[in-house]
$ cat structure.json   # JSON, C-alpha atoms
[["chain", "number", "residue", "atom", "x", "y", "z"],
["E", 22, "MET", "CA", 0.00, 0.00, 0.00],
["E", 23, "PRO", "CA", 1.54, 3.34, -0.99],
["E", 24, "LYS", "CA", 2.07, 6.05, 1.57],
["E", 25, "THR", "CA", -0.95, 8.33, 1.99],
["E", 26, "CYS", "CA", -1.05, 11.28, 4.39],
["E", 27, "GLY", "CA", 1.94, 9.94, 6.31],
["E", 28, "SER", "CA", 0.60, 6.39, 6.63],
["E", 29, "GLY", "CA", 1.69, 3.24, 4.79],
["E", 30, "GLN", "CA", 4.94, 2.36, 3.03],
["E", 31, "ALA", "CA", 6.80, 4.84, 0.85],
["E", 32, "THR", "CA", 6.39, 4.07, -2.85],
["E", 33, "THR", "CA", 9.38, 2.48, -4.53],
["E", 34, "LEU", "CA", 10.66, 3.96, -7.76],
["E", 35, "SER", "CA", 12.38, 2.26, -10.68],
["E", 36, "PRO", "CA", 15.90, 3.31, -11.70],
["E", 37, "GLN", "CA", 14.37, 5.23, -14.63],
["E", 38, "GLN", "CA", 12.00, 7.07, -12.29],
["E", 39, "MET", "CA", 14.93, 7.86, -9.99],
["E", 40, "ASP", "CA", 16.80, 9.36, -12.96],
["E", 41, "GLN", "CA", 13.72, 11.41, -13.79],
["E", 42, "LEU", "CA", 13.54, 12.66, -10.19],
["E", 43, "LEU", "CA", 17.23, 13.63, -10.10],
["E", 44, "ASP", "CA", 16.88, 15.48, -13.40],
["E", 45, "ALA", "CA", 13.94, 17.44, -11.98],
["E", 46, "ALA", "CA", 15.73, 18.45, -8.74],
["E", 47, "PRO", "CA", 15.21, 22.14, -7.98],
["E", 48, "ALA", "CA", 18.82, 22.77, -6.93],
["E", 49, "PRO", "CA", 22.23, 21.03, -6.99],
["E", 50, "ASP", "CA", 22.11, 20.30, -3.26],
["E", 51, "HIS", "CA", 18.78, 18.50, -3.58],
["E", 52, "ARG", "CA", 20.05, 16.47, -6.53],
["E", 53, "ALA", "CA", 23.18, 15.48, -4.58],
["E", 54, "LEU", "CA", 21.15, 14.67, -1.45],
["E", 55, "TRP", "CA", 18.83, 12.43, -3.42],
["E", 56, "ALA", "CA", 21.78, 10.83, -5.23],
["E", 57, "VAL", "CA", 23.47, 9.91, -1.94],
["E", 58, "MET", "CA", 20.25, 8.40, -0.59],
["E", 59, "ARG", "CA", 19.57, 6.63, -3.89],
["E", 60, "TRP", "CA", 22.94, 4.90, -4.15],
["E", 61, "THR", "CA", 23.63, 4.23, -0.45],
["E", 62, "GLY", "CA", 20.18, 3.42, 0.92],
["E", 63, "SER", "CA", 20.72, 5.95, 3.69],
["E", 64, "ARG", "CA", 18.04, 7.56, 5.81],
["E", 65, "VAL", "CA", 17.50, 11.28, 5.29],
["E", 66, "SER", "CA", 18.56, 12.19, 8.84],
["E", 67, "GLU", "CA", 21.91, 10.41, 8.56],
["E", 68, "THR", "CA", 22.48, 11.83, 5.09],
["E", 69, "LEU", "CA", 21.80, 15.39, 6.23],
["E", 70, "ALA", "CA", 24.32, 14.86, 9.05],
["E", 71, "LEU", "CA", 27.16, 14.19, 6.57],
["E", 72, "ARG", "CA", 30.18, 16.45, 6.39],
["E", 73, "TRP", "CA", 32.60, 16.55, 3.48],
["E", 74, "GLY", "CA", 35.15, 14.57, 5.51],
["E", 75, "ALA", "CA", 32.83, 11.55, 5.38],
["E", 76, "ILE", "CA", 33.31, 11.28, 1.62],
["E", 77, "HIS", "CA", 36.28, 9.08, 0.83],
["E", 78, "GLU", "CA", 37.71, 7.77, -2.42],
["E", 79, "ASP", "CA", 35.54, 4.65, -2.51],
["E", 80, "ARG", "CA", 33.17, 4.89, 0.48],
["E", 81, "ILE", "CA", 30.90, 7.20, 2.44],
["E", 82, "VAL", "CA", 31.12, 6.90, 6.22],
["E", 83, "PHE", "CA", 27.87, 7.23, 8.11],
["E", 84, "ALA", "CA", 29.11, 7.63, 11.69],
["E", 85, "ALA", "CA", 27.47, 5.58, 14.45],
["E", 86, "LYS", "CA", 26.24, 8.69, 16.26],
["E", 87, "THR", "CA", 24.13, 9.68, 13.22],
["E", 88, "THR", "CA", 22.57, 6.28, 12.40],
["E", 89, "LYS", "CA", 19.39, 4.83, 13.81],
["E", 90, "THR", "CA", 21.14, 1.57, 14.75],
["E", 91, "ARG", "CA", 24.12, 3.41, 16.30],
["E", 92, "THR", "CA", 26.57, 1.47, 14.14],
["E", 93, "THR", "CA", 28.95, 2.93, 11.59],
["E", 94, "ARG", "CA", 28.13, 2.04, 8.01],
["E", 95, "GLU", "CA", 30.48, 2.48, 5.05],
["E", 96, "PRO", "CA", 28.76, 1.75, 1.73],
["E", 97, "PHE", "CA", 30.78, 1.88, -1.48],
["E", 98, "ILE", "CA", 30.43, 4.90, -3.74],
["E", 99, "SER", "CA", 29.18, 3.83, -7.15],
["E", 100, "PRO", "CA", 30.66, 5.45, -10.28],
["E", 101, "ARG", "CA", 27.43, 7.41, -10.85],
["E", 102, "LEU", "CA", 27.39, 8.66, -7.26],
["E", 103, "ARG", "CA", 31.07, 9.63, -7.56],
["E", 104, "GLN", "CA", 30.19, 11.68, -10.64],
["E", 105, "GLU", "CA", 27.24, 13.35, -8.86],
["E", 106, "LEU", "CA", 29.39, 14.21, -5.84],
["E", 107, "GLU", "CA", 32.15, 15.70, -7.98],
["E", 108, "MET", "CA", 29.65, 17.90, -9.84],
["E", 109, "TYR", "CA", 28.15, 18.93, -6.53],
["E", 110, "ARG", "CA", 31.57, 19.72, -5.02],
["E", 111, "GLY", "CA", 32.05, 22.26, -7.83],
["E", 112, "GLU", "CA", 28.58, 23.73, -7.28],
["E", 113, "TRP", "CA", 29.22, 23.93, -3.52],
["E", 114, "ALA", "CA", 32.51, 25.77, -4.10],
["E", 115, "LEU", "CA", 30.84, 28.27, -6.44],
["E", 116, "ARG", "CA", 28.03, 28.89, -3.97],
["E", 117, "TYR", "CA", 30.28, 29.48, -0.94],
["E", 118, "GLY", "CA", 33.31, 30.93, -2.71],
["E", 119, "ARG", "CA", 35.77, 28.28, -1.52],
["E", 120, "ARG", "CA", 36.46, 24.57, -1.67],
["E", 121, "PRO", "CA", 34.64, 22.59, 1.03],
["E", 122, "GLY", "CA", 36.69, 21.56, 4.05],
["E", 123, "SER", "CA", 36.32, 18.23, 5.81],
["E", 124, "HIS", "CA", 34.25, 19.80, 8.64],
["E", 125, "ASP", "CA", 31.83, 21.63, 6.33],
["E", 126, "TRP", "CA", 28.30, 20.33, 6.00],
["E", 127, "LEU", "CA", 27.72, 18.45, 2.78],
["E", 128, "PHE", "CA", 24.17, 19.81, 2.64],
["E", 129, "CYS", "CA", 24.09, 23.28, 4.17],
["E", 130, "GLY", "CA", 21.11, 25.07, 5.59],
["E", 131, "ARG", "CA", 20.32, 28.67, 4.92],
["E", 132, "TRP", "CA", 23.54, 30.18, 6.37],
["E", 133, "ALA", "CA", 25.95, 27.22, 5.96],
["E", 134, "THR", "CA", 26.45, 27.07, 9.74],
["E", 135, "GLU", "CA", 24.03, 24.16, 10.09],
["E", 136, "SER", "CA", 22.85, 21.34, 7.88],
["E", 137, "LEU", "CA", 19.81, 21.45, 5.64],
["E", 138, "THR", "CA", 16.72, 20.51, 7.64],
["E", 139, "ARG", "CA", 14.59, 17.45, 7.07],
["E", 140, "GLN", "CA", 11.60, 19.74, 6.54],
["E", 141, "ALA", "CA", 13.39, 21.67, 3.78],
["E", 142, "ALA", "CA", 14.46, 18.42, 2.11],
["E", 143, "ASP", "CA", 10.90, 17.07, 2.30],
["E", 144, "LYS", "CA", 9.41, 20.28, 0.88],
["E", 145, "ALA", "CA", 11.82, 20.21, -2.07],
["E", 146, "LEU", "CA", 10.95, 16.58, -2.79],
["E", 147, "ARG", "CA", 7.19, 17.18, -2.59],
["E", 148, "THR", "CA", 7.43, 20.21, -4.90],
["E", 149, "THR", "CA", 9.48, 18.21, -7.39],
["E", 150, "LEU", "CA", 7.18, 15.18, -7.28],
["E", 151, "ASN", "CA", 4.13, 17.35, -8.00],
["E", 152, "GLY", "CA", 5.69, 18.60, -11.24],
["E", 153, "ALA", "CA", 7.51, 15.45, -12.36],
["E", 154, "GLY", "CA", 4.55, 13.12, -12.91],
["E", 155, "LEU", "CA", 5.91, 10.44, -10.58],
["E", 156, "PRO", "CA", 3.64, 8.05, -8.66],
["E", 157, "SER", "CA", 1.88, 9.18, -5.52],
["E", 158, "GLY", "CA", 3.06, 7.94, -2.16],
["E", 159, "CYS", "CA", 6.72, 8.91, -2.61],
["E", 160, "SER", "CA", 8.61, 10.27, 0.37],
["E", 161, "LEU", "CA", 12.19, 10.71, 1.49],
["E", 162, "HIS", "CA", 12.06, 7.04, 2.48],
["E", 163, "SER", "CA", 11.36, 6.02, -1.14],
["E", 164, "PHE", "CA", 15.08, 6.22, -1.91],
["E", 165, "ARG", "CA", 15.88, 3.63, 0.76],
["E", 166, "ARG", "CA", 13.05, 1.29, -0.21],
["E", 167, "SER", "CA", 13.86, 1.66, -3.91],
["E", 168, "LEU", "CA", 17.52, 0.70, -3.38],
["E", 169, "ALA", "CA", 16.55, -2.41, -1.39],
["E", 170, "THR", "CA", 13.87, -3.45, -3.88],
["E", 171, "THR", "CA", 15.99, -2.83, -6.99],
["E", 172, "MET", "CA", 18.92, -4.76, -5.54],
["E", 173, "ALA", "CA", 16.70, -7.66, -4.44],
["E", 174, "ASN", "CA", 14.97, -7.82, -7.83],
["E", 175, "SER", "CA", 18.36, -8.00, -9.53],
["E", 176, "GLY", "CA", 19.28, -11.04, -7.44],
["E", 177, "THR", "CA", 21.59, -9.34, -4.94],
["E", 178, "ASN", "CA", 22.13, -11.35, -1.77],
["E", 179, "LEU", "CA", 20.09, -9.94, 1.13],
["E", 180, "ARG", "CA", 23.19, -9.77, 3.37],
["E", 181, "ILE", "CA", 24.81, -7.42, 0.83],
["E", 182, "ILE", "CA", 21.69, -5.26, 0.70],
["E", 183, "GLN", "CA", 21.76, -5.21, 4.50],
["E", 184, "ARG", "CA", 25.32, -3.80, 4.36],
["E", 185, "PHE", "CA", 23.96, -0.82, 2.43],
["E", 186, "THR", "CA", 20.80, -0.20, 4.43],
["E", 187, "GLY", "CA", 22.19, -1.03, 7.86],
["E", 188, "HIS", "CA", 19.14, -3.00, 8.98],
["E", 189, "ARG", "CA", 19.87, -5.05, 12.08],
["E", 190, "SER", "CA", 18.06, -8.12, 10.80],
["E", 191, "LEU", "CA", 16.98, -9.65, 7.52],
["E", 192, "GLN", "CA", 13.42, -9.62, 8.83],
["E", 193, "GLN", "CA", 13.54, -5.82, 9.14],
["E", 194, "LEU", "CA", 15.08, -5.56, 5.68],
["E", 195, "ALA", "CA", 12.41, -7.80, 4.15],
["E", 196, "ALA", "CA", 9.73, -5.23, 5.01],
["E", 197, "TYR", "CA", 11.50, -2.75, 2.71],
["E", 198, "ILE", "CA", 11.47, -4.94, -0.36],
["E", 199, "ASP", "CA", 8.45, -4.71, -2.66],
["E", 200, "VAL", "CA", 7.45, -7.90, -4.45],
["E", 201, "GLU", "CA", 6.54, -7.34, -8.06],
["E", 202, "THR", "CA", 3.52, -9.10, -9.52],
["E", 203, "SER", "CA", 5.67, -10.45, -12.35],
["E", 204, "HIS", "CA", 7.94, -12.16, -9.81],
["E", 205, "GLU", "CA", 4.93, -13.73, -8.06],
["E", 206, "ARG", "CA", 3.69, -15.06, -11.41],
["E", 207, "ALA", "CA", 7.17, -16.40, -12.27],
["E", 208, "ALA", "CA", 7.31, -18.20, -8.90],
["E", 209, "LEU", "CA", 3.94, -19.83, -9.61],
["E", 210, "ALA", "CA", 5.04, -20.79, -13.13],
["E", 211, "ALA", "CA", 8.12, -22.47, -11.67],
["E", 212, "LEU", "CA", 5.81, -24.83, -9.76],
["E", 213, "GLY", "CA", 4.50, -26.18, -13.05]]

$ encode --input "structure.json" --output "structure tokens"
Amino acid sequence: MPKTCGSGQATTLSPQQMDQLLDAAPAPDHRALWAVMRWTGSRVSETLALRWGAIHEDRIVFAAKTTKTRTTREPFISPRLRQELEMYRGEWALRYGRRPGSHDWLFCGRWATESLTRQAADKALRTTLNGAGLPSGCSLHSFRRSLATTMANSGTNLRIIQRFTGHRSLQQLAAYIDVETSHERAALAALG
């Protein structure tokens, strides 16, 4: 059941719909925020808590103090996410007139002395969704659910997906994965 008025599960989006959403982002910081969540499966709160020093050559470090499970998570940076982050680094430098330092917020709020708020991130997403023709029921949690579902549908081992999302158990992770009707039909067909 898609999310309606804050209830239900966030709608999952296909990779093509995710591309459409990124292309419709109202600003470079929103695009980069959504890209990080898309390719790491991170929660919005832990993503907004990132500083530039958390971005390494091949991984992003989500520190234990910022994660729901209070464990550090270090997902790999995909080539597409690397490209998005490099473009954003240039945009960030233009906006603030200097290269970002390791202690600077990745996603700055209004005056760059604090991080972007969850409410501002949510408002930008809702505004974008209204104009992009994407399915209803999307929320900031759609990025996380979409990563888990896309990986599972491509045959990725659940333990590997769990490394990205940081779920404590496979049972918790399973609730994030949407089952497609075509997969249900294929399972029935396999029975003969």

$ closest_atom_pairs --input "structure.json" --of "segment 71-141 of chain E" --to "segment 181-190 of chain E" --cutoff "8 Å" --atoms "all atoms listed in the file" --output "JSON lines"
{"residue": "E:Thr90", "atom": "CA", "partner": "E:Arg189", "partner_atom": "CA", "distance": 7.3}
{"residue": "E:Arg94", "atom": "CA", "partner": "E:Gly187", "partner_atom": "CA", "distance": 6.7}
{"residue": "E:Glu95", "atom": "CA", "partner": "E:Phe185", "partner_atom": "CA", "distance": 7.8}
{"residue": "E:Pro96", "atom": "CA", "partner": "E:Phe185", "partner_atom": "CA", "distance": 5.5}

$ axis_aligned_box --input "structure.json" --around "segment 146-163 of chain E" --padding-each-side "8 Å" --output "lines of an AutoDock Vina configuration file"
center_x = 7.0
center_y = 13.1
center_z = -5.2
size_x = 26.3
size_y = 30.2
size_z = 31.4

$ closest_residue --input "structure.json" --among "E:Arg72, E:Arg59, E:Arg91, E:Arg64" --to "Ser123 of chain E" --atoms "all atoms listed in the file"
E:Arg72

$ residues_around --input "structure.json" --residues "Ala141 of chain E" --least-positions-apart "6" --cutoff "12 Å" --atoms "only C-alpha atoms" --output "list in words"
Pro47, Asp50, His51, Leu54, Val65, Ser66, Leu69, Phe128, Cys129, Gly130, Arg131, Arg147, Thr148 and Leu161 of chain E

$ closest_residue --input "structure.json" --among "E:Ser99, E:Ser203, E:Thr61, E:Thr92" --to "Asp79 of chain E" --atoms "all atoms listed in the file"
E:Ser99

$ atom_distance --input "structure.json" --atom1 "atom CA of Val82 of chain E" --atom2 "atom CA of Arg103 of chain E"
14.0 Å

$ atom_distance --input "structure.json" --atom1 "atom CA of Gln140 of chain E" --atom2 "atom CA of Trp60 of chain E"
21.5 Å

$ build_atoms --input "structure.json" --residues "segment 117-149 of chain E" --atoms "N, CA and C atoms" --output "short mmCIF file (atom, residue, chain, number, x, y, z; two decimals), keeping the file's coordinate frame"
data_model
loop_
_atom_site.label_atom_id
_atom_site.label_comp_id
_atom_site.auth_asym_id
_atom_site.auth_seq_id
_atom_site.Cartn_x
_atom_site.Cartn_y
_atom_site.Cartn_z
N TYR E 117 29.70 28.94 -2.17
CA TYR E 117 30.28 29.48 -0.94
C TYR E 117 31.63 30.15 -1.15
N GLY E 118 32.10 30.21 -2.39
CA GLY E 118 33.31 30.93 -2.71
C GLY E 118 34.61 30.28 -2.22
N ARG E 119 34.57 29.01 -1.95
CA ARG E 119 35.77 28.28 -1.52
C ARG E 119 35.52 26.79 -1.65
N ARG E 120 36.59 26.03 -1.63
CA ARG E 120 36.46 24.57 -1.67
C ARG E 120 35.96 24.09 -0.31
N PRO E 121 35.13 23.07 -0.27
CA PRO E 121 34.64 22.59 1.03
C PRO E 121 35.74 21.93 1.85
N GLY E 122 35.77 22.22 3.14
CA GLY E 122 36.69 21.56 4.05
C GLY E 122 36.05 20.33 4.66
N SER E 123 36.83 19.50 5.28
CA SER E 123 36.32 18.23 5.81
C SER E 123 35.26 18.42 6.89
N HIS E 124 35.25 19.57 7.58
CA HIS E 124 34.25 19.80 8.64
C HIS E 124 33.01 20.55 8.14
N ASP E 125 33.00 20.94 6.88
CA ASP E 125 31.83 21.63 6.33
C ASP E 125 30.69 20.65 6.09
N TRP E 126 29.48 21.14 6.29
CA TRP E 126 28.30 20.33 6.00
C TRP E 126 28.25 20.02 4.51
N LEU E 127 27.90 18.81 4.18
CA LEU E 127 27.72 18.45 2.78
C LEU E 127 26.49 19.18 2.24
N PHE E 128 25.43 19.18 3.04
CA PHE E 128 24.17 19.81 2.64
C PHE E 128 23.85 20.92 3.65
N CYS E 129 24.19 22.14 3.26
CA CYS E 129 24.09 23.28 4.17
C CYS E 129 22.68 23.83 4.23
N GLY E 130 22.36 24.34 5.40
CA GLY E 130 21.11 25.07 5.59
C GLY E 130 21.26 26.47 5.04
N ARG E 131 20.39 27.32 5.46
CA ARG E 131 20.32 28.67 4.92
C ARG E 131 21.63 29.45 5.04
N TRP E 132 22.33 29.37 6.17
CA TRP E 132 23.54 30.18 6.37
C TRP E 132 24.82 29.35 6.38
N ALA E 133 24.78 28.10 6.04
CA ALA E 133 25.95 27.22 5.96
C ALA E 133 26.57 26.93 7.31
N THR E 134 25.92 27.37 8.40
CA THR E 134 26.45 27.07 9.74
C THR E 134 25.75 25.86 10.35
N GLU E 135 24.73 25.37 9.66
CA GLU E 135 24.03 24.16 10.09
C GLU E 135 23.65 23.38 8.83
N SER E 136 23.22 22.14 9.04
CA SER E 136 22.85 21.34 7.88
C SER E 136 21.44 21.69 7.41
N LEU E 137 21.15 21.33 6.19
CA LEU E 137 19.81 21.45 5.64
C LEU E 137 18.86 20.69 6.56
N THR E 138 17.67 21.19 6.76
CA THR E 138 16.72 20.51 7.64
C THR E 138 15.94 19.44 6.89
N ARG E 139 15.43 18.50 7.64
CA ARG E 139 14.59 17.45 7.07
C ARG E 139 13.34 18.07 6.42
N GLN E 140 12.80 19.09 7.06
CA GLN E 140 11.60 19.74 6.54
C GLN E 140 11.88 20.40 5.18
N ALA E 141 13.03 21.04 5.05
CA ALA E 141 13.39 21.67 3.78
C ALA E 141 13.61 20.62 2.69
N ALA E 142 14.24 19.51 3.06
CA ALA E 142 14.46 18.42 2.11
C ALA E 142 13.13 17.82 1.66
N ASP E 143 12.21 17.64 2.61
CA ASP E 143 10.90 17.07 2.30
C ASP E 143 10.10 18.02 1.40
N LYS E 144 10.15 19.30 1.70
CA LYS E 144 9.41 20.28 0.88
C LYS E 144 9.93 20.29 -0.55
N ALA E 145 11.25 20.24 -0.73
CA ALA E 145 11.82 20.21 -2.07
C ALA E 145 11.39 18.96 -2.83
N LEU E 146 11.37 17.82 -2.13
CA LEU E 146 10.95 16.58 -2.79
C LEU E 146 9.49 16.66 -3.19
N ARG E 147 8.63 17.11 -2.30
CA ARG E 147 7.19 17.18 -2.59
C ARG E 147 6.91 18.13 -3.77
N THR E 148 7.59 19.25 -3.79
CA THR E 148 7.43 20.21 -4.90
C THR E 148 7.85 19.57 -6.21
N THR E 149 8.97 18.86 -6.18
CA THR E 149 9.48 18.21 -7.39
C THR E 149 8.55 17.10 -7.85
#
